[in-house]
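Worksheet: one structure, shown below.
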Amino acid sequence: MPYKSLLKTLQDKGKLSATELRKVERVKKTTISESLPHLLIKLGLCSENDVTEAFVESGRFQRASAADFPIENQLPDSVSLRFLKHYHVTGLDQTETDTTVAMMDPENRFVVDALHLATGKTIHVKVGLLSEIDAALEMQYGEGKSQMDKIVDGLVLEEGGEEDLEHLKDLASEAPVIKMVNLIMQQAIETKASDIHIEPFEQSLKVRLRIDGVLQEIHAPPVKSTAAVISRIKIMAKLNIAERRLPQDGRIKVQMLGKELDLRVSTIPTMHGESVVIRLLDKENTVLDFAALGFSGKHLQLFNEVLTQPHGIILITGPTGSGKSTTLYAALKQLNTAARKIITVEDPVEYQMEGINQIEAKPQIGLTFASALRSIVRQDPDVIMIGEMRDLETAKIAVQSSLTGHLVLSTLHTNDAAGGIARLLDMGLEEYLLSSTVNGILAQRLVRKLCTACKQVGTLTDTLLQDAHIRRFVPEGSVIYKPVGCPACGGLGYRGRIAIIEFLLMTDPIRKLVMARAESGHIHKLAISEGMTTLYENGLEKVAQGITTLEEVMRVTAES
């Protein structure tokens with residue numbers, strides 16, 4: 001059977017299900033000109049990187065990286081550009097007797113034999129990414145235009161007419177506009193971005209991707225296409241494209257590059273049009289494991305101990321985008337057994353989990369956190385998860401639930417663990433209820449991890465070495481690393497993120513301070529004296545372990 005090794009590798013890695021394989025085999029019977037690997041990518045069942053890696057793992061092919069592609073064409077004129085583009089193949093190198101080529105489908109014997117006949121040389125094959133091969137062909141034979149430029153060339157927009165609803169719908173349905181939006185989403189998925197920001201200005205349309213917590217600008221569509229691009233996204237998210245004066249929220253489910261993604265769309269009106277932010281929720285890449293998230297040592301032990309308690313409140317605090325939801329889901333995954341009933345109220349439900357009853361809050365029809373919680377307690381749950389404690393009513397029901405024997409998990413927006421207590425007191429929650437129900441408060445931030453492929457040994461400056469705090473966690477002689485940048489990390493020196501955390505355990509001395517309504521600073525100091533490791537200190541521990549850099553830790557904590 002052709003491609004037997006490729007298909008087995010993809011299935012073993014969980015990249016291709018039996019149902020998806022049957023689907024592509026059915027399509028293949030009616031599409032003679034398309035190879036099976038190309039169909040896998042074209043149908044969105046596998047990403048081009050999945051296919052390339054599977055070929056490499058078979059042990060028969062080496063991978064050609066983007067840096068391997070020469071600027072000049074390495075194949076004779078007898079090989080037509082049409083042939084190269086159709087089969088996604090480009091020359092890498094040649095000698096008097098041999099030619100090395102990069103192919104998207106290195107098992108295609110027809111292409112190898114055809115190249116051998118055309119060149120009269122022995123053909124050596126490497127496997128390359130489809131997009132990188134096409135980009136190399138464009139550079140070698142074309143005008144050096146980017147994919148976005150080529151799409152824009154096919155875009156014809158009439159002046160005016162943006163107020164006309166039918167005209168907007170027609171624009172958003174045009175092939176170039178659809179391709180533009182798909183290209184932006186594809187780039188976001190390929191770079192593992194968490195958010196896409198599409199921002200209209202008077203003279204330009206900006207598109208930025210948040211990659212590992214940092215925004216990076218990418219090639220954007222022309223400003224004249226602003227209304228069409230934003231209308232396309234709103235149609236995909238089932239939003240009202242005629243309403244441009246009020247904020248709107250929606251969702252898009254897409255299958256692209258072999259991934260099934262849930263996209264959350266938010267629009268707000270600005271001076272020059274609607275600003276759109278798309279949050280990408282990739283279920284496949286979400287690791288719900290405490291060790292992988294950054295928990296270790298006493299933090300992991302203490303948090304697990306608190307999770308095993310039958311009742312009480314556990315709070316997770318931090319700013320937006322600090323990984324609070326992921327930590328909550330990891331906790332739910334650990335608690336999710338046949339012996340426990342778990343109900344959640346979320347806005348919105350980010351990840352669907354088997355065995356857990358998840359409710360999505362809908363304030364517009366009166367289904368708020370508080371109203372949902374009042375009904376939940378009559379459903380006989382063991383564990384309740386509240387997406388966020390936003391108001392006093394929600395906090396009071398959470399406290400009552402914990403007092404009646406439920407374990408309650410929730411989040412708050414505060415800068416540190418001790419700030420969570422002050423926030424609940426400011427809401428109006430009585431101190432005696434707070435001290436008797438809260439079991440622990442976890443604060444966290446996300447720092448970028450050093451790229452393991454290119455990180456190099458670095459040194460701390462003399463000024464930093466004089467800092468006793470740093471010397472305590474990064475003693476003199478410790479090996480620390482610095483970011484460099486390579487193709488694997490896109491030249492950034494960082495790849496992926498990990499949590500730095502502090503965990504405040506509600507001990508009797510801290511309960512006394514809560515009862516006395518002490519300032520959060522006093523509670524913070526007492527927790528440290530009892531052995532709490534702060535966010536900054538946990539970050540320094542990860543610097544000493546070679547996971548991240550001091551600059552990253554300082555960027556996300558209050559220390560400087």
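Identifiers in the structure tokens: chain A, B, ... in order shown; residue index from 1 per chain; ligand index from 1 in order shown.
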Next on the checklist: List the spatial neighbours of A:Asp282 as a list in words - criterion: any atom at most 10 Å away, only C-alpha atoms, same-chain residues fewer than 4 positions off excluded.
Outcome noted: Ile189, Lys192, Ala193, Ser194, Lys259, Glu260, Leu261, Asp262, Leu263, Thr286, Glu350 and Tyr351 of chain A
For the residues in that selection, give me N, CA and C atoms as a compact mmCIF listing (two decimals), in the first residue's frame.
# COMPACT_ATOMS: atom_id res chain seq x y z
N ILE A 189 -1.86 30.06 13.50
CA ILE A 189 -1.78 28.66 13.92
C ILE A 189 -0.35 28.15 13.80
N LYS A 192 1.80 29.32 16.52
CA LYS A 192 1.25 29.01 17.85
C LYS A 192 0.87 30.28 18.62
N ALA A 193 0.29 31.25 17.91
CA ALA A 193 -0.16 32.49 18.54
C ALA A 193 -1.40 32.21 19.39
N SER A 194 -1.57 33.00 20.44
CA SER A 194 -2.75 32.84 21.30
C SER A 194 -3.86 33.81 20.90
N LYS A 259 -5.78 20.93 12.54
CA LYS A 259 -6.20 21.22 13.91
C LYS A 259 -7.66 21.67 13.92
N GLU A 260 -8.37 21.24 14.96
CA GLU A 260 -9.73 21.72 15.16
C GLU A 260 -9.67 22.82 16.21
N LEU A 261 -9.97 24.05 15.80
CA LEU A 261 -9.79 25.19 16.68
C LEU A 261 -11.11 25.85 17.02
N ASP A 262 -11.18 26.35 18.24
CA ASP A 262 -12.32 27.13 18.70
C ASP A 262 -11.82 28.57 18.82
N LEU A 263 -12.37 29.48 18.03
CA LEU A 263 -11.92 30.87 18.04
C LEU A 263 -12.97 31.75 18.72
N THR A 286 -3.09 22.09 24.46
CA THR A 286 -3.29 22.45 25.86
C THR A 286 -2.91 21.27 26.74
N GLU A 350 -14.22 27.46 27.74
CA GLU A 350 -13.04 27.47 26.88
C GLU A 350 -12.69 26.07 26.37
N TYR A 351 -12.73 25.07 27.24
CA TYR A 351 -12.41 23.71 26.85
C TYR A 351 -13.48 22.75 27.37
Checklist entry - Among stretch 13-160 of chain A, which residues carry a DSSP assignment of alpha helix (DSSP H), reported as number ranges by chain? => result A: 18-30, 36-42, 48-57, 81-87, 109-119, 130-141, 147-153
Write out as a PDB file with N, CA and C atoms, in the first residue's frame which residues come within 10 Å of A:Glu551 when counting only C-alpha atoms, dropping same-chain ones fewer than 4 positions away.
ATOM      1  N   VAL A 447       5.959  33.078  31.949  1.00  0.00           N
ATOM      2  CA  VAL A 447       7.222  33.564  31.385  1.00  0.00           C
ATOM      3  C   VAL A 447       7.578  32.720  30.169  1.00  0.00           C
ATOM      4  N   LYS A 482      21.164  32.483  28.045  1.00  0.00           N
ATOM      5  CA  LYS A 482      20.633  33.666  27.372  1.00  0.00           C
ATOM      6  C   LYS A 482      19.985  33.246  26.046  1.00  0.00           C
ATOM      7  N   VAL A 543      15.173  30.440  36.551  1.00  0.00           N
ATOM      8  CA  VAL A 543      16.378  30.977  35.882  1.00  0.00           C
ATOM      9  C   VAL A 543      17.572  30.072  36.195  1.00  0.00           C
ATOM     10  N   ARG A 555      10.224  41.065  33.609  1.00  0.00           N
ATOM     11  CA  ARG A 555       9.193  41.623  32.723  1.00  0.00           C
ATOM     12  C   ARG A 555       7.788  41.370  33.247  1.00  0.00           C
ATOM     13  N   VAL A 556       7.574  40.195  33.859  1.00  0.00           N
ATOM     14  CA  VAL A 556       6.198  39.834  34.249  1.00  0.00           C
ATOM     15  C   VAL A 556       5.925  39.990  35.745  1.00  0.00           C
ATOM     16  N   SER A 560      12.235  44.860  39.622  1.00  0.00           N
ATOM     17  CA  SER A 560      12.993  45.485  38.522  1.00  0.00           C
ATOM     18  C   SER A 560      14.403  45.804  38.983  1.00  0.00           C
TER      19      SER A 560
END
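Proximity to A:Leu504 was assessed for A:Pro363, A:Ala395, A:Asp382, A:Ile316 counting only C-alpha atoms; the smallest distance is recorded for A:Ile316.
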Item to check | Nearby residues (only C-alpha atoms) at most 10 Å from A:Asn304, same-chain spacing under 6 positions excluded, as a PyMOL selection string | outcome: chain A and resi 290+298+331+334
Please produce a file of those selected residues containing N, CA, C and O atoms, as a CSV table (one decimal), in the first residue's frame.
chain,number,residue,atom,x,y,z
A,290,PHE,N,0.1,19.5,35.8
A,290,PHE,CA,0.7,20.5,36.7
A,290,PHE,C,2.2,20.6,36.5
A,290,PHE,O,2.8,21.7,36.5
A,298,LYS,N,7.6,22.0,46.5
A,298,LYS,CA,6.6,22.3,47.6
A,298,LYS,C,5.3,22.9,47.0
A,298,LYS,O,4.2,22.7,47.6
A,331,ALA,N,-6.7,21.4,37.4
A,331,ALA,CA,-7.2,21.0,38.7
A,331,ALA,C,-8.5,20.1,38.5
A,331,ALA,O,-8.6,19.1,39.2
A,334,GLN,N,-7.7,16.6,37.4
A,334,GLN,CA,-7.3,15.8,38.5
A,334,GLN,C,-8.4,15.4,39.4
A,334,GLN,O,-8.4,14.2,39.9
Next on the checklist: Using only C-alpha atoms for the distances, tell me which of A:Ile218, A:Leu446, A:Ile211, A:Thr326 is nearest to A:Arg495.
Outcome noted: A:Ile211
Checklist entry - Which distance in Å separates atom CA of A:Ile233 and atom CA of A:Met256, to one decimal? => result 15.4 Å
